[in-house]
file final_0.tsv (TSV, N, CA and C atoms)
chain	number	residue	atom	x	y	z
A	1	MET	N	16.43	-23.50	-17.12
A	1	MET	CA	15.70	-23.84	-15.94
A	1	MET	C	14.67	-22.75	-15.67
A	2	THR	N	13.46	-23.16	-15.42
A	2	THR	CA	12.40	-22.23	-15.03
A	2	THR	C	11.62	-22.84	-13.89
A	3	ALA	N	11.37	-22.06	-12.87
A	3	ALA	CA	10.53	-22.50	-11.75
A	3	ALA	C	9.50	-21.41	-11.51
A	4	SER	N	8.31	-21.78	-11.16
A	4	SER	CA	7.32	-20.77	-10.84
A	4	SER	C	6.32	-21.32	-9.85
A	5	ALA	N	5.67	-20.42	-9.16
A	5	ALA	CA	4.67	-20.81	-8.17
A	5	ALA	C	3.96	-19.55	-7.72
A	6	PHE	N	3.10	-19.72	-6.73
A	6	PHE	CA	2.44	-18.56	-6.16
A	6	PHE	C	2.16	-18.82	-4.69
A	7	ASP	N	2.06	-17.75	-3.96
A	7	ASP	CA	1.71	-17.79	-2.54
A	7	ASP	C	0.48	-16.93	-2.36
A	8	THR	N	-0.54	-17.46	-1.71
A	8	THR	CA	-1.76	-16.71	-1.49
A	8	THR	C	-1.80	-16.22	-0.05
A	9	LEU	N	-2.00	-14.94	0.10
A	9	LEU	CA	-2.18	-14.35	1.41
A	9	LEU	C	-3.64	-13.94	1.52
A	10	SER	N	-4.03	-13.44	2.66
A	10	SER	CA	-5.43	-13.10	2.86
A	10	SER	C	-5.91	-12.02	1.91
A	11	HIS	N	-5.03	-11.17	1.44
A	11	HIS	CA	-5.46	-10.05	0.62
A	11	HIS	C	-4.80	-9.98	-0.76
A	12	CYS	N	-3.93	-10.91	-1.10
A	12	CYS	CA	-3.28	-10.83	-2.41
A	12	CYS	C	-2.65	-12.18	-2.78
A	13	THR	N	-2.27	-12.28	-4.02
A	13	THR	CA	-1.52	-13.42	-4.53
A	13	THR	C	-0.23	-12.89	-5.13
A	14	LEU	N	0.89	-13.45	-4.74
A	14	LEU	CA	2.16	-13.13	-5.36
A	14	LEU	C	2.60	-14.31	-6.20
A	15	ARG	N	3.09	-14.02	-7.37
A	15	ARG	CA	3.61	-15.07	-8.24
A	15	ARG	C	5.09	-14.81	-8.47
A	16	TYR	N	5.83	-15.88	-8.77
A	16	TYR	CA	7.23	-15.70	-9.08
A	16	TYR	C	7.68	-16.71	-10.13
A	17	LYS	N	8.77	-16.36	-10.76
A	17	LYS	CA	9.39	-17.24	-11.75
A	17	LYS	C	10.89	-17.05	-11.65
A	18	ILE	N	11.62	-18.16	-11.67
A	18	ILE	CA	13.08	-18.13	-11.69
A	18	ILE	C	13.51	-18.65	-13.05
A	19	THR	N	14.28	-17.84	-13.76
A	19	THR	CA	14.68	-18.19	-15.12
A	19	THR	C	16.19	-18.13	-15.26
A	20	GLN	N	16.76	-19.12	-15.94
A	20	GLN	CA	18.20	-19.14	-16.23
A	20	GLN	C	18.46	-18.32	-17.48
A	21	HIS	N	19.37	-17.36	-17.38
A	21	HIS	CA	19.82	-16.57	-18.52
A	21	HIS	C	21.31	-16.79	-18.69
A	22	ASP	N	21.86	-16.31	-19.78
A	22	ASP	CA	23.30	-16.48	-20.03
A	22	ASP	C	24.15	-15.93	-18.89
A	23	ASP	N	23.70	-14.84	-18.28
A	23	ASP	CA	24.49	-14.20	-17.24
A	23	ASP	C	24.05	-14.57	-15.83
A	24	GLY	N	23.22	-15.61	-15.67
A	24	GLY	CA	22.82	-16.07	-14.35
A	24	GLY	C	21.32	-16.23	-14.21
A	25	LEU	N	20.87	-16.36	-12.97
A	25	LEU	CA	19.46	-16.55	-12.67
A	25	LEU	C	18.77	-15.20	-12.47
A	26	ILE	N	17.51	-15.13	-12.90
A	26	ILE	CA	16.69	-13.94	-12.69
A	26	ILE	C	15.42	-14.38	-11.96
A	27	LEU	N	15.09	-13.66	-10.88
A	27	LEU	CA	13.85	-13.88	-10.14
A	27	LEU	C	12.87	-12.78	-10.54
A	28	TYR	N	11.70	-13.17	-11.01
A	28	TYR	CA	10.62	-12.23	-11.31
A	28	TYR	C	9.55	-12.44	-10.25
A	29	VAL	N	9.06	-11.34	-9.66
A	29	VAL	CA	7.99	-11.39	-8.66
A	29	VAL	C	6.92	-10.40	-9.11
A	30	TRP	N	5.64	-10.83	-9.07
A	30	TRP	CA	4.58	-9.92	-9.47
A	30	TRP	C	3.28	-10.25	-8.75
A	31	GLU	N	2.41	-9.25	-8.69
A	31	GLU	CA	1.07	-9.43	-8.15
A	31	GLU	C	0.10	-9.34	-9.33
A	32	PRO	N	-0.55	-10.44	-9.68
A	32	PRO	CA	-1.46	-10.41	-10.82
A	32	PRO	C	-2.66	-9.51	-10.56
A	33	ALA	N	-3.19	-8.96	-11.64
A	33	ALA	CA	-4.37	-8.10	-11.56
A	33	ALA	C	-5.16	-8.21	-12.86
A	34	THR	N	-6.43	-7.96	-12.75
A	34	THR	CA	-7.31	-8.02	-13.91
A	34	THR	C	-7.09	-6.81	-14.80
A	35	LEU	N	-7.05	-7.04	-16.10
A	35	LEU	CA	-6.95	-5.94	-17.04
A	35	LEU	C	-8.22	-5.10	-16.99
A	36	THR	N	-8.04	-3.80	-17.05
A	36	THR	CA	-9.17	-2.87	-17.10
A	36	THR	C	-8.86	-1.83	-18.16
A	37	GLU	N	-9.75	-0.90	-18.31
A	37	GLU	CA	-9.50	0.19	-19.26
A	37	GLU	C	-8.26	0.99	-18.85
A	38	ALA	N	-8.07	1.16	-17.55
A	38	ALA	CA	-6.93	1.92	-17.05
A	38	ALA	C	-5.67	1.06	-16.88
A	39	ARG	N	-5.82	-0.25	-16.65
A	39	ARG	CA	-4.68	-1.15	-16.43
A	39	ARG	C	-4.42	-1.93	-17.71
A	40	VAL	N	-3.29	-1.66	-18.35
A	40	VAL	CA	-2.99	-2.31	-19.63
A	40	VAL	C	-2.06	-3.50	-19.49
A	41	ARG	N	-1.56	-3.76	-18.28
A	41	ARG	CA	-0.72	-4.94	-18.02
A	41	ARG	C	-1.43	-5.80	-16.97
A	42	PRO	N	-1.28	-7.11	-17.04
A	42	PRO	CA	-2.03	-8.00	-16.12
A	42	PRO	C	-1.39	-8.16	-14.75
A	43	PHE	N	-0.81	-7.08	-14.20
A	43	PHE	CA	-0.23	-7.14	-12.87
A	43	PHE	C	-0.25	-5.76	-12.22
A	44	THR	N	-0.26	-5.76	-10.87
A	44	THR	CA	-0.17	-4.52	-10.12
A	44	THR	C	1.26	-4.01	-10.11
A	45	PHE	N	2.21	-4.94	-9.89
A	45	PHE	CA	3.63	-4.60	-9.98
A	45	PHE	C	4.39	-5.83	-10.44
A	46	MET	N	5.58	-5.60	-11.01
A	46	MET	CA	6.49	-6.69	-11.35
A	46	MET	C	7.90	-6.21	-11.03
A	47	ALA	N	8.65	-7.08	-10.34
A	47	ALA	CA	10.04	-6.77	-10.00
A	47	ALA	C	10.94	-7.86	-10.58
A	48	LYS	N	12.12	-7.46	-11.00
A	48	LYS	CA	13.09	-8.37	-11.60
A	48	LYS	C	14.38	-8.28	-10.78
A	49	HIS	N	14.82	-9.43	-10.23
A	49	HIS	CA	16.00	-9.46	-9.38
A	49	HIS	C	17.03	-10.44	-9.94
A	50	PRO	N	18.25	-9.98	-10.26
A	50	PRO	CA	19.32	-10.93	-10.57
A	50	PRO	C	19.71	-11.65	-9.27
A	51	ILE	N	19.85	-12.97	-9.33
A	51	ILE	CA	20.15	-13.74	-8.12
A	51	ILE	C	21.29	-14.71	-8.39
A	52	GLY	N	21.94	-15.13	-7.32
A	52	GLY	CA	23.04	-16.07	-7.43
A	52	GLY	C	22.59	-17.51	-7.45
A	53	ASP	N	21.53	-17.83	-6.67
A	53	ASP	CA	21.06	-19.21	-6.59
A	53	ASP	C	19.63	-19.23	-6.07
A	54	LYS	N	19.04	-20.42	-6.02
A	54	LYS	CA	17.65	-20.55	-5.57
A	54	LYS	C	17.47	-20.16	-4.11
A	55	GLU	N	18.50	-20.39	-3.29
A	55	GLU	CA	18.40	-20.00	-1.89
A	55	GLU	C	18.24	-18.49	-1.75
A	56	MET	N	18.96	-17.74	-2.57
A	56	MET	CA	18.83	-16.29	-2.56
A	56	MET	C	17.42	-15.88	-3.00
A	57	ALA	N	16.88	-16.60	-3.98
A	57	ALA	CA	15.51	-16.32	-4.43
A	57	ALA	C	14.52	-16.53	-3.30
A	58	MET	N	14.68	-17.59	-2.53
A	58	MET	CA	13.77	-17.87	-1.43
A	58	MET	C	13.88	-16.80	-0.35
A	59	GLU	N	15.07	-16.27	-0.12
A	59	GLU	CA	15.24	-15.18	0.85
A	59	GLU	C	14.49	-13.93	0.39
A	60	ILE	N	14.61	-13.60	-0.88
A	60	ILE	CA	13.93	-12.42	-1.42
A	60	ILE	C	12.41	-12.63	-1.36
A	61	LEU	N	11.95	-13.81	-1.72
A	61	LEU	CA	10.52	-14.09	-1.66
A	61	LEU	C	10.00	-14.00	-0.22
A	62	SER	N	10.77	-14.47	0.74
A	62	SER	CA	10.37	-14.37	2.14
A	62	SER	C	10.21	-12.91	2.56
A	63	GLN	N	11.08	-12.05	2.06
A	63	GLN	CA	10.97	-10.62	2.36
A	63	GLN	C	9.68	-10.04	1.79
A	64	TYR	N	9.35	-10.41	0.55
A	64	TYR	CA	8.09	-9.95	-0.04
A	64	TYR	C	6.90	-10.42	0.80
A	65	LEU	N	6.89	-11.69	1.17
A	65	LEU	CA	5.77	-12.23	1.92
A	65	LEU	C	5.63	-11.58	3.29
A	66	SER	N	6.75	-11.35	3.97
A	66	SER	CA	6.65	-10.70	5.28
A	66	SER	C	6.17	-9.26	5.14
A	67	THR	N	6.53	-8.59	4.06
A	67	THR	CA	6.04	-7.23	3.81
A	67	THR	C	4.54	-7.24	3.56
A	68	TYR	N	4.08	-8.16	2.74
A	68	TYR	CA	2.65	-8.21	2.42
A	68	TYR	C	1.81	-8.68	3.60
A	69	GLU	N	2.35	-9.53	4.45
A	69	GLU	CA	1.61	-9.99	5.62
A	69	GLU	C	1.55	-8.91	6.68
A	70	GLY	N	2.57	-8.03	6.72
A	70	GLY	CA	2.66	-7.02	7.75
A	70	GLY	C	1.73	-5.90	7.50

call {"tool": "encode", "arguments": {"input": "final_0.tsv", "output": "structure tokens"}}
result
Amino acid sequence: MTASAFDTLSHCTLRYKITQHDDGLILYVWEPATLTEARVRPFTFMAKHPIGDKEMAMEILSQYLSTYEG
């Protein structure tokens, strides 16, 4: 199972993906960014969270969004 989407705020875009692994679900959250000479990965940050279910993923995503909006 894989789910992904993005949320656009006034100053950034956050993307996420939920992936099923042998040991459970993993939530990946990242802020995409353009590659430059100094930036060798296409994101500003990427976080990986082991989660129990999709509801837990939505709770974590809500925390990210409230942080970025604040």

call {"tool": "select_by_dssp", "arguments": {"input": "final_0.tsv", "residues": "chain A", "states": "strand (DSSP E)", "output": "ChimeraX atom specification"}}
result
/A:2-8,13-21,24-32,43-51

call {"tool": "axis_aligned_box", "arguments": {"input": "final_0.tsv", "around": "range 48-65 of chain A", "padding_each_side": "3 Å", "output": "AutoDock Vina command-line options"}}
result
--center_x 14.3 --center_y -14.0 --center_z -4.2 --size_x 23.4 --size_y 19.1 --size_z 20.9

call {"tool": "residues_near_point", "arguments": {"input": "final_0.tsv", "point": "(5.8, -9.1, -10.5)", "cutoff": "8 Å", "atoms": "only N, CA and C atoms", "output": "number ranges by chain"}}
result
A: 14-17, 27-32, 43-48

call {"tool": "atom_distance", "arguments": {"input": "final_0.tsv", "atom1": "CA of Tyr64 in chain A", "atom2": "atom N of Arg41 in chain A"}}
result
21.5 Å

call {"tool": "residues_around", "arguments": {"input": "final_0.tsv", "residues": "Gly24 in chain A", "least_positions_apart": "4", "cutoff": "12 Å", "atoms": "only C-alpha atoms", "output": "PyMOL selection string"}}
result
chain A and resi 1+18-20+49-54

call {"tool": "atom_distance", "arguments": {"input": "final_0.tsv", "atom1": "CA of Ile26 in chain A", "atom2": "CA of Ala57 in chain A"}}
result
8.7 Å

call {"tool": "atom_distance", "arguments": {"input": "final_0.tsv", "atom1": "atom N of Leu65 in chain A", "atom2": "atom N of Asp23 in chain A"}}
result
25.9 Å
